[in-house]
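Novice: query.txt (compact mmCIF, C-alpha atoms) pasted underneath:
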# COMPACT_ATOMS: atom_id res chain seq x y z
CA ILE O 1 -90.97 87.40 -139.84
CA SER O 2 -93.43 84.61 -140.55
CA VAL O 3 -91.92 81.16 -140.07
CA SER O 4 -93.58 78.05 -141.42
CA ASP O 5 -92.81 74.43 -140.67
CA ALA O 6 -93.83 71.04 -142.00
CA GLU O 7 -92.97 67.38 -141.45
CA ILE O 8 -92.43 65.34 -144.62
CA ARG O 9 -90.53 62.27 -145.81
CA ILE O 10 -87.42 62.93 -147.93
CA GLN O 11 -85.23 60.44 -149.75
CA ASN O 12 -81.70 60.39 -148.32
CA ALA O 13 -78.39 59.57 -150.08
CA ASP O 14 -78.99 55.83 -149.58
CA GLY O 15 -82.35 55.99 -151.33
CA ILE O 16 -84.27 55.53 -148.06
CA TYR O 17 -87.15 57.84 -147.23
CA ILE O 18 -86.78 59.40 -143.78
CA TRP O 19 -88.91 61.85 -141.81
CA CYS O 20 -87.64 65.44 -141.76
CA ARG O 21 -88.88 68.69 -140.28
CA ILE O 22 -88.61 71.76 -142.51
CA ARG O 23 -88.66 75.23 -140.94
CA TYR O 24 -88.48 78.10 -143.39
CA THR O 25 -89.40 81.71 -144.05
CA ASP O 26 -90.29 83.36 -147.34
CA GLN O 27 -88.19 86.23 -148.68
CA TYR O 28 -89.64 88.95 -150.89
CA ASP O 29 -88.35 91.54 -153.34
CA SER O 30 -89.01 95.27 -153.09
CA THR O 31 -92.44 94.89 -154.70
CA GLY O 32 -93.55 92.31 -152.15
CA LYS O 33 -93.27 89.36 -154.53
CA PRO O 34 -91.90 86.14 -152.95
CA ILE O 35 -88.58 85.19 -154.53
CA LYS O 36 -87.25 82.37 -152.37
CA ALA O 37 -87.57 80.48 -149.12
CA VAL O 38 -84.75 80.12 -146.61
CA GLY O 39 -84.71 77.57 -143.82
CA VAL O 40 -83.34 74.38 -142.33
CA ILE O 41 -84.11 70.69 -142.77
CA THR O 42 -83.77 68.53 -139.64
CA ASP O 43 -83.66 64.74 -139.58
CA ILE O 44 -86.41 63.68 -137.14
CA ASP O 45 -86.66 60.05 -138.29
CA ASP O 46 -85.46 58.65 -134.95
CA ASP O 47 -87.92 60.89 -133.08
CA LYS O 48 -90.77 59.71 -135.30
CA LYS O 49 -89.83 56.09 -134.69
CA MET O 50 -89.73 56.70 -130.95
CA ILE O 51 -93.19 58.30 -131.00
CA ASP O 52 -94.57 55.44 -133.09
CA ASP O 53 -93.01 53.00 -130.63
CA LEU O 54 -94.55 54.83 -127.67
CA ARG O 55 -97.91 54.85 -129.40
CA ALA O 56 -97.63 51.11 -130.02
CA ARG O 57 -96.64 50.53 -126.38
CA ALA O 58 -99.67 52.51 -125.25
CA GLU O 59 -101.88 50.15 -127.26
CA ARG O 60 -100.26 46.86 -126.26
CA ASP O 61 -100.12 44.69 -123.19
CA ALA O 62 -96.50 44.60 -122.00
CA LEU O 63 -96.36 40.84 -121.36
CA THR O 64 -98.28 39.26 -124.23
CA GLY O 65 -98.06 41.87 -126.98
CA LEU O 66 -101.85 41.70 -127.40
CA PHE O 67 -103.94 44.85 -127.43
CA ASN O 68 -104.66 46.18 -123.95
CA ARG O 69 -108.24 46.58 -122.82
CA GLU O 70 -108.51 50.29 -123.75
CA GLU O 71 -107.27 49.72 -127.30
CA SER O 72 -109.39 46.58 -127.70
CA GLU O 73 -112.49 48.48 -126.68
CA ARG O 74 -111.64 51.42 -128.93
CA GLN O 75 -111.19 49.25 -132.01
CA ILE O 76 -114.37 47.27 -131.36
CA ARG O 77 -116.41 50.42 -130.74
CA ASN O 78 -115.18 51.94 -133.99
CA TYR O 79 -115.86 48.81 -136.02
CA LEU O 80 -119.39 48.39 -134.69
CA ARG O 81 -120.10 52.06 -135.37
CA ASP O 82 -118.77 51.95 -138.93
CA ASN O 83 -120.16 48.51 -139.88
CA PRO O 84 -123.56 48.25 -138.15
CA GLY O 85 -124.88 45.44 -140.38
CA ASP O 86 -121.92 43.05 -140.12
CA LEU O 87 -122.26 39.77 -138.27
CA CYS O 88 -119.52 39.79 -135.60
CA ALA O 89 -118.68 37.77 -132.50
CA LEU O 90 -117.31 39.00 -129.19
CA PHE O 91 -115.58 36.40 -127.00
CA MET O 92 -114.98 36.99 -123.29
CA ILE O 93 -112.42 34.43 -122.10
CA ASP O 94 -111.38 33.59 -118.55
CA THR O 95 -108.51 31.20 -117.77
CA ASP O 96 -109.86 28.68 -115.26
CA ASN O 97 -108.05 28.36 -111.92
CA PHE O 98 -105.02 30.28 -113.14
CA LYS O 99 -104.12 31.25 -109.58
CA GLN O 100 -103.21 27.61 -108.95
CA VAL O 101 -100.66 27.76 -111.78
CA ASN O 102 -99.02 30.82 -110.23
CA ASP O 103 -99.09 29.33 -106.74
CA SER O 104 -97.65 25.95 -107.78
CA GLN O 105 -95.20 26.97 -110.52
CA GLY O 106 -94.40 30.60 -109.72
CA HIS O 107 -95.27 33.89 -111.42
CA LEU O 108 -92.54 33.66 -114.07
CA PHE O 109 -93.97 30.35 -115.24
CA GLY O 110 -97.44 31.88 -115.10
CA ASP O 111 -96.28 34.73 -117.32
CA ALA O 112 -94.89 32.20 -119.80
CA VAL O 113 -98.25 30.41 -119.84
CA LEU O 114 -100.09 33.65 -120.58
CA SER O 115 -97.66 34.49 -123.38
CA GLU O 116 -98.13 31.06 -124.96
CA LEU O 117 -101.91 31.35 -124.72
CA ALA O 118 -101.77 34.77 -126.35
CA ALA O 119 -99.67 33.44 -129.23
CA GLY O 120 -102.09 30.55 -129.69
CA MET O 121 -105.10 32.87 -129.83
CA LYS O 122 -103.38 35.02 -132.45
CA LYS O 123 -102.91 31.91 -134.61
CA LEU O 124 -106.62 31.10 -134.30
CA THR O 125 -107.68 34.50 -135.59
CA ARG O 126 -107.20 36.69 -138.66
CA GLN O 127 -105.08 39.82 -138.75
CA THR O 128 -108.25 41.91 -139.00
CA ASP O 129 -109.68 40.46 -135.79
CA VAL O 130 -109.06 42.04 -132.39
CA VAL O 131 -107.33 39.97 -129.70
CA GLY O 132 -106.77 41.68 -126.35
CA ARG O 133 -105.73 41.01 -122.79
CA ILE O 134 -108.24 42.76 -120.56
CA GLY O 135 -107.27 41.47 -117.12
CA GLY O 136 -104.67 39.35 -115.35
CA ASP O 137 -105.76 36.06 -116.97
CA GLU O 138 -108.70 37.34 -119.01
CA PHE O 139 -108.86 37.90 -122.74
CA MET O 140 -111.17 39.29 -125.38
CA ILE O 141 -111.50 38.27 -129.04
CA PHE O 142 -113.58 40.16 -131.58
CA LEU O 143 -114.20 38.33 -134.87
CA GLN O 144 -115.15 40.75 -137.62
CA ASN O 145 -117.63 40.02 -140.39
CA ILE O 146 -118.16 36.28 -139.85
CA PRO O 147 -120.41 34.18 -142.14
CA SER O 148 -122.57 32.60 -139.43
CA ARG O 149 -123.13 31.95 -135.72
CA GLU O 150 -121.95 28.39 -136.33
CA MET O 151 -118.53 29.70 -137.33
CA ALA O 152 -118.25 31.45 -133.95
CA ALA O 153 -119.16 28.20 -132.17
CA GLU O 154 -116.52 26.29 -134.17
CA LYS O 155 -113.91 28.89 -133.25
CA ALA O 156 -114.90 28.60 -129.57
CA ALA O 157 -114.48 24.82 -129.66
CA ARG O 158 -111.00 25.23 -131.17
CA LEU O 159 -110.20 27.79 -128.47
CA LEU O 160 -111.08 25.34 -125.68
CA GLU O 161 -108.99 22.67 -127.39
CA LEU O 162 -106.06 25.10 -127.63
CA PHE O 163 -106.12 25.81 -123.90
CA GLN O 164 -106.41 22.11 -123.01
CA SER O 165 -103.60 20.85 -125.26
CA LEU O 166 -101.02 23.63 -125.13
CA PHE O 167 -99.28 22.60 -121.90
CA LYS O 168 -99.81 18.84 -121.74
CA GLN O 169 -96.42 18.18 -123.33
CA GLY O 170 -93.01 19.15 -121.98
CA LYS O 171 -91.07 18.75 -118.76
CA HIS O 172 -93.74 20.35 -116.58
CA PRO O 173 -97.14 19.34 -117.99
CA ILE O 174 -99.99 21.32 -116.49
CA GLU O 175 -103.71 21.45 -117.11
CA VAL O 176 -105.00 24.80 -118.31
CA THR O 177 -108.59 25.32 -119.41
CA CYS O 178 -110.78 28.30 -120.13
CA SER O 179 -114.38 29.43 -119.99
CA ALA O 180 -115.79 31.61 -122.75
CA GLY O 181 -118.90 33.68 -123.26
CA ILE O 182 -119.88 34.65 -126.79
CA ALA O 183 -122.22 37.36 -128.04
CA ILE O 184 -123.15 37.97 -131.68
CA SER O 185 -123.83 41.39 -133.14
CA PRO O 186 -126.19 42.84 -134.08
CA ASP O 187 -128.61 40.33 -132.43
CA ASP O 188 -127.03 40.40 -128.94
CA GLY O 189 -125.90 44.03 -129.03
CA LYS O 190 -125.35 46.74 -131.60
CA ASP O 191 -122.73 48.73 -129.69
CA PHE O 192 -119.74 47.73 -127.58
CA GLN O 193 -121.37 48.17 -124.19
CA SER O 194 -124.43 46.05 -124.94
CA LEU O 195 -122.42 43.40 -126.80
CA TYR O 196 -119.86 43.23 -123.98
CA HIS O 197 -122.64 42.92 -121.42
CA SER O 198 -124.19 39.99 -123.32
CA ALA O 199 -120.83 38.20 -123.68
CA ASP O 200 -120.07 38.81 -120.00
CA LEU O 201 -123.36 37.24 -118.93
CA ALA O 202 -122.67 34.25 -121.16
CA LEU O 203 -119.21 33.90 -119.57
CA TYR O 204 -120.77 33.98 -116.11
CA GLN O 205 -123.06 31.17 -117.23
CA ALA O 206 -120.14 29.13 -118.56
CA LYS O 207 -118.20 29.44 -115.30
CA SER O 208 -121.24 28.69 -113.14
CA GLN O 209 -121.88 25.48 -115.15
CA GLY O 210 -118.49 24.04 -114.27
CA LYS O 211 -115.93 25.90 -116.41
CA ASN O 212 -113.94 24.48 -119.36
CA GLN O 213 -116.78 25.26 -121.76
CA TYR O 214 -118.24 28.02 -123.87
CA VAL O 215 -121.75 29.46 -123.83
CA MET O 216 -123.44 31.43 -126.59
CA PHE O 217 -125.52 34.30 -125.23
CA ASP O 218 -129.24 33.67 -124.94
CA GLN O 219 -131.90 36.07 -123.70
CA LYS O 220 -132.46 33.86 -120.66
CA HIS O 221 -128.97 34.85 -119.48
CA SER O 222 -130.18 38.42 -119.02
CA ALA O 223 -131.84 37.32 -115.79
CA VAL O 224 -128.38 36.96 -114.21
CA SER O 225 -127.57 39.78 -111.81
CA GLU O 226 -125.51 42.47 -113.49
CA THR O 227 -123.31 42.77 -110.42
CA GLY O 228 -122.57 39.06 -110.16
CA TYR O 229 -119.62 38.91 -112.51
CA SER O 230 -117.54 41.21 -114.63
CA SER O 231 -114.24 40.66 -116.40
CA LEU O 232 -113.37 44.16 -117.53
CA GLY O 233 -111.28 46.30 -115.23
CA ALA O 234 -108.83 43.95 -113.55
CA ALA O 235 -105.37 45.44 -113.10
CA ILE O 236 -102.55 43.74 -114.97
CA ASP O 237 -99.35 43.40 -112.96
CA SER O 238 -97.08 43.09 -115.98
CA ASP O 239 -98.33 46.45 -117.25
CA LEU O 240 -97.45 48.14 -113.98
CA ASN O 241 -94.07 46.46 -113.51
CA THR O 242 -92.50 47.01 -116.92
CA SER O 243 -89.25 48.87 -116.40
CA GLU O 244 -89.73 50.95 -119.54
CA ALA O 245 -93.04 52.44 -118.42
CA PRO O 246 -91.90 55.57 -116.52
CA LYS O 247 -89.48 56.57 -119.29
CA ASP O 248 -92.10 56.04 -122.00
CA LEU O 249 -94.70 57.95 -120.04
CA VAL O 250 -92.42 60.95 -119.54
CA ASN O 251 -91.52 60.97 -123.25
CA TYR O 252 -95.18 60.83 -124.16
CA VAL O 253 -96.05 63.67 -121.80
CA PHE O 254 -93.37 65.92 -123.27
CA GLN O 255 -94.51 65.07 -126.79
CA VAL O 256 -98.17 66.00 -126.19
CA LEU O 257 -97.10 69.18 -124.38
CA TYR O 258 -94.93 70.10 -127.35
CA ASP O 259 -97.74 69.46 -129.84
CA THR O 260 -100.56 71.23 -128.01
CA SER O 261 -102.03 74.69 -128.42
CA ASP O 262 -104.53 74.11 -125.59
CA ILE O 263 -102.55 73.58 -122.40
CA ASP O 264 -105.60 73.08 -120.15
CA HIS O 265 -106.98 70.35 -122.37
CA VAL O 266 -103.69 68.50 -122.65
CA ILE O 267 -103.05 68.60 -118.89
CA GLN O 268 -106.43 66.96 -118.33
CA LEU O 269 -105.46 64.38 -120.96
CA ILE O 270 -102.14 63.68 -119.22
CA LEU O 271 -103.88 63.22 -115.86
CA GLU O 272 -106.31 60.78 -117.46
CA ILE O 273 -103.44 58.82 -119.04
CA VAL O 274 -101.57 58.66 -115.72
CA GLY O 275 -104.72 57.77 -113.79
CA LYS O 276 -105.68 54.94 -116.12
CA ARG O 277 -102.10 53.76 -116.53
CA PHE O 278 -101.72 53.16 -112.80
CA ASP O 279 -105.39 52.32 -112.15
CA VAL O 280 -105.99 54.93 -109.43
CA SER O 281 -109.14 56.73 -108.34
CA ARG O 282 -107.92 60.28 -108.88
CA ALA O 283 -105.02 62.22 -110.36
CA TYR O 284 -104.41 65.81 -109.22
CA ILE O 285 -102.23 68.83 -109.74
CA PHE O 286 -101.80 71.13 -106.74
CA GLU O 287 -100.18 74.55 -106.87
CA ASP O 288 -98.74 76.35 -103.85
CA THR O 289 -99.42 79.96 -103.03
CA GLU O 290 -96.43 82.29 -103.18
CA ASP O 291 -96.03 82.28 -99.40
CA GLY O 292 -96.07 78.46 -99.38
CA LYS O 293 -98.78 78.28 -96.72
CA TYR O 294 -101.65 77.07 -98.91
CA CYS O 295 -102.24 74.93 -101.96
CA ASP O 296 -104.98 74.87 -104.59
CA ASN O 297 -106.20 71.91 -106.60
CA THR O 298 -106.04 73.38 -110.11
CA TYR O 299 -106.51 70.20 -112.18
CA GLU O 300 -108.29 66.98 -111.29
CA TRP O 301 -109.14 63.74 -113.11
CA CYS O 302 -111.52 61.21 -111.55
CA ASN O 303 -111.93 57.59 -112.52
CA GLU O 304 -115.37 56.23 -113.34
CA GLY O 305 -117.70 56.38 -110.34
CA ILE O 306 -115.37 58.60 -108.28
CA LEU O 307 -116.74 61.89 -106.97
CA PRO O 308 -114.72 65.05 -107.73
CA GLN O 309 -113.09 66.80 -104.76
CA LYS O 310 -111.59 69.82 -106.51
CA GLU O 311 -114.00 72.35 -104.97
CA ASN O 312 -113.15 71.06 -101.48
CA LEU O 313 -109.40 71.45 -102.03
CA GLN O 314 -109.10 75.16 -102.74
CA HIS O 315 -106.80 77.34 -100.62
CA PHE O 316 -106.06 74.35 -98.41
CA PRO O 317 -103.83 75.30 -95.44
CA TYR O 318 -100.79 73.10 -94.87
CA THR O 319 -101.07 73.80 -91.15
CA ASP O 320 -104.29 71.71 -91.06
CA VAL O 321 -102.32 68.54 -91.86
CA GLU O 322 -99.19 68.42 -89.72
CA GLY O 323 -96.26 66.69 -91.39
CA TYR O 324 -97.82 66.74 -94.86
CA ARG O 325 -94.82 68.33 -96.58
CA GLU O 326 -92.43 65.88 -94.97
CA LEU O 327 -94.20 62.99 -96.71
CA PHE O 328 -92.73 64.11 -100.06
CA LYS O 329 -89.02 64.11 -99.19
CA ASN O 330 -88.14 61.23 -101.54
CA ASN O 331 -87.62 63.19 -104.78
CA SER O 332 -91.00 64.83 -104.27
CA VAL O 333 -92.74 61.44 -104.47
CA PHE O 334 -94.88 60.04 -101.68
CA TYR O 335 -95.68 56.32 -101.77
CA CYS O 336 -97.67 54.62 -99.02
CA ARG O 337 -98.82 51.00 -99.08
CA ASP O 338 -101.41 51.61 -96.36
CA ILE O 339 -102.74 55.06 -95.54
CA HIS O 340 -103.86 53.81 -92.13
CA ALA O 341 -100.19 53.76 -91.15
CA LEU O 342 -100.28 57.58 -91.26
CA THR O 343 -101.45 59.94 -88.57
CA PRO O 344 -105.25 60.14 -88.14
CA VAL O 345 -105.36 63.61 -89.72
CA GLN O 346 -103.31 62.49 -92.74
CA THR O 347 -105.44 59.35 -93.09
CA ALA O 348 -108.62 61.44 -93.11
CA LEU O 349 -107.20 63.70 -95.82
CA PHE O 350 -106.15 60.88 -98.16
Would you mind writing the file's structure down as structure tokens?
Specialist:
Amino acid sequence: ISVSDAEIRIQNADGIYIWCRIRYTDQYDSTGKPIKAVGVITDIDDDKKMIDDLRARAERDALTGLFNREESERQIRNYLRDNPGDLCALFMIDTDNFKQVNDSQGHLFGDAVLSELAAGMKKLTRQTDVVGRIGGDEFMIFLQNIPSREMAAEKAARLLELFQSLFKQGKHPIEVTCSAGIAISPDDGKDFQSLYHSADLALYQAKSQGKNQYVMFDQKHSAVSETGYSSLGAAIDSDLNTSEAPKDLVNYVFQVLYDTSDIDHVIQLILEIVGKRFDVSRAYIFEDTEDGKYCDNTYEWCNEGILPQKENLQHFPYTDVEGYRELFKNNSVFYCRDIHALTPVQTALF
């Protein structure tokens, strides 16, 4: 019997459209002509909302609600690809001396400062612009389709004023400033990587000139060493510490497994999501042999610049690393703050 299914929105008794899954099979008469369809309709509206919520969480920074760095980059890449002639501005923003705020006022106060800064930046921009948190105290703003370079400079001046004035009032006045580097497309870069590189060099120039200022990219900045400064890639503590993260991640994993017809592809995708989510070098899946004496690395994801080790981890004997199994007693999870606290053989393996 051939069974078909579809997901559609249906109006319920209250006049509200909700998502439903329809699973049905056709029934035929003696001549083979279809005469009716028989099936069930299931309310999946709550499931749909959960998936949409998970998708939104995957795109957003947990603390500030801004786009995270992956989603910011994705949106900017797509816009530049689809609108190559538009005049756009990419801002790389670094909060000056933010560590002093955390050290003097505490991390909770520091989180509140970051949240306020994020809200202020949203007010400075349009809904169509991209505002993202790309590091602990680093942000990115992408202004789409601006009329002139002067408009970008005016926005940068307002941004510096926002940072300076936001926390001067109140019971605990503090001084917060920022440095910003600005690159304009298509002159300073036609794709994300080149535009980001130009803005990053301009930011380096702003910080090296004494901070609390913005610098528009100029070709003379290209002489700055590429390895001297980079904003992209810093881990964000609030992303890693959110209590909802493990639950959301598990739900997401089950959803993509349910939806897939290519299990190998989706496992690689899951490893990539986990690896990037927790900012690690590698994510693996090992499978034991039936006798339990060996394991094989069957799936591996490597972060950028990390060399694969899958070929070296085939039919690996447990006897070569004494005490390896015992490391995973805690619900099959092994966590170690410092691998050098392990035995020399275990340290060499990890």
Novice: Taking into account only C-alpha atoms, which residue in the set O:Asp5, O:Ala89, O:Asp94, O:Leu117 is nearest to Phe167 (chain O)?
Specialist: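 Smallest distance to Phe167 (chain O) is found for O:Leu117.
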Novice: Box time for region 122-130 of chain O: axis-aligned, enclosing all its listed atoms, 4 Å extra on each side; report centre and edge lengths in Å to one decimal, as JSON.
Specialist:
{"center_x": -106.3, "center_y": 36.6, "center_z": -135.7, "size_x": 14.8, "size_y": 18.9, "size_z": 14.6}
Novice: So the first atom is CA of Leu124 (chain O) and the second is CA of Leu162 (chain O); what is the distance between them in Å, to one decimal place?
Specialist: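 Computing it gives 9.0 Å between the two atoms.
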Novice: For Leu269 (chain O), please output as a PyMOL selection string all residues within 10 Å (counting only C-alpha atoms; exclusion window: fewer than 6 positions along the same chain).
Specialist: chain O and resi 253+256+263+275+301
Novice: Would you pick out the contacts of Gly323 (chain O) at 10 Å or less, using all atoms listed in the file, so that residues sharing its chain but fewer than 3 positions from it are not included, and give the list as an MDAnalysis selection string?
Specialist: chainID O and resid 318:320 326:328 342:343 345:346
Novice: So what do you get for CA of Gly39 (chain O) versus CA of Ile22 (chain O), distance-wise?
Specialist: 7.1 Å
Novice: Rank O:Leu257, O:Ala183, O:Val176, O:Ala199 by their smallest atom-to-atom distance to Gln100 (chain O), using all atoms listed in the file, and report the top residue only.
Specialist: O:Val176
Novice: Just add N, CA and C atoms to region 284-300 of chain O and send it as an mmCIF file, keeping the file's coordinate frame.
Specialist:
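The resulting file, part_20.cif, is shown below:
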data_model
loop_
_atom_site.group_PDB
_atom_site.id
_atom_site.type_symbol
_atom_site.label_atom_id
_atom_site.label_comp_id
_atom_site.auth_asym_id
_atom_site.auth_seq_id
_atom_site.Cartn_x
_atom_site.Cartn_y
_atom_site.Cartn_z
ATOM 1 N N TYR O 284 -104.292 64.382 -109.518
ATOM 2 C CA TYR O 284 -104.410 65.810 -109.220
ATOM 3 C C TYR O 284 -103.169 66.584 -109.632
ATOM 4 N N ILE O 285 -103.359 67.887 -109.771
ATOM 5 C CA ILE O 285 -102.230 68.830 -109.740
ATOM 6 C C ILE O 285 -102.572 69.893 -108.702
ATOM 7 N N PHE O 286 -101.660 70.078 -107.742
ATOM 8 C CA PHE O 286 -101.800 71.130 -106.740
ATOM 9 C C PHE O 286 -100.761 72.206 -106.990
ATOM 10 N N GLU O 287 -101.127 73.434 -106.753
ATOM 11 C CA GLU O 287 -100.180 74.550 -106.870
ATOM 12 C C GLU O 287 -100.142 75.325 -105.560
ATOM 13 N N ASP O 288 -98.917 75.606 -105.106
ATOM 14 C CA ASP O 288 -98.740 76.350 -103.850
ATOM 15 C C ASP O 288 -98.954 77.838 -104.065
ATOM 16 N N THR O 289 -99.404 78.495 -103.009
ATOM 17 C CA THR O 289 -99.420 79.960 -103.030
ATOM 18 C C THR O 289 -97.996 80.471 -102.889
ATOM 19 N N GLU O 290 -97.787 81.741 -103.194
ATOM 20 C CA GLU O 290 -96.430 82.290 -103.180
ATOM 21 C C GLU O 290 -95.789 82.217 -101.803
ATOM 22 N N ASP O 291 -96.598 82.344 -100.754
ATOM 23 C CA ASP O 291 -96.030 82.280 -99.400
ATOM 24 C C ASP O 291 -95.833 80.846 -98.927
ATOM 25 N N GLY O 292 -96.282 79.856 -99.716
ATOM 26 C CA GLY O 292 -96.070 78.460 -99.380
ATOM 27 C C GLY O 292 -96.944 77.934 -98.257
ATOM 28 N N LYS O 293 -97.945 78.701 -97.837
ATOM 29 C CA LYS O 293 -98.780 78.280 -96.720
ATOM 30 C C LYS O 293 -100.029 77.517 -97.158
ATOM 31 N N TYR O 294 -100.415 77.690 -98.415
ATOM 32 C CA TYR O 294 -101.650 77.070 -98.910
ATOM 33 C C TYR O 294 -101.375 76.389 -100.247
ATOM 34 N N CYS O 295 -102.303 75.518 -100.623
ATOM 35 C CA CYS O 295 -102.240 74.930 -101.960
ATOM 36 C C CYS O 295 -103.649 74.894 -102.553
ATOM 37 N N ASP O 296 -103.705 74.912 -103.875
ATOM 38 C CA ASP O 296 -104.980 74.870 -104.590
ATOM 39 C C ASP O 296 -104.956 73.725 -105.590
ATOM 40 N N ASN O 297 -106.057 72.979 -105.607
ATOM 41 C CA ASN O 297 -106.200 71.910 -106.600
ATOM 42 C C ASN O 297 -106.656 72.556 -107.918
ATOM 43 N N THR O 298 -105.728 72.680 -108.865
ATOM 44 C CA THR O 298 -106.040 73.380 -110.110
ATOM 45 C C THR O 298 -106.490 72.448 -111.234
ATOM 46 N N TYR O 299 -106.067 71.186 -111.191
ATOM 47 C CA TYR O 299 -106.510 70.200 -112.180
ATOM 48 C C TYR O 299 -106.838 68.901 -111.462
ATOM 49 N N GLU O 300 -107.887 68.239 -111.921
ATOM 50 C CA GLU O 300 -108.290 66.980 -111.290
ATOM 51 C C GLU O 300 -108.902 66.058 -112.334
#
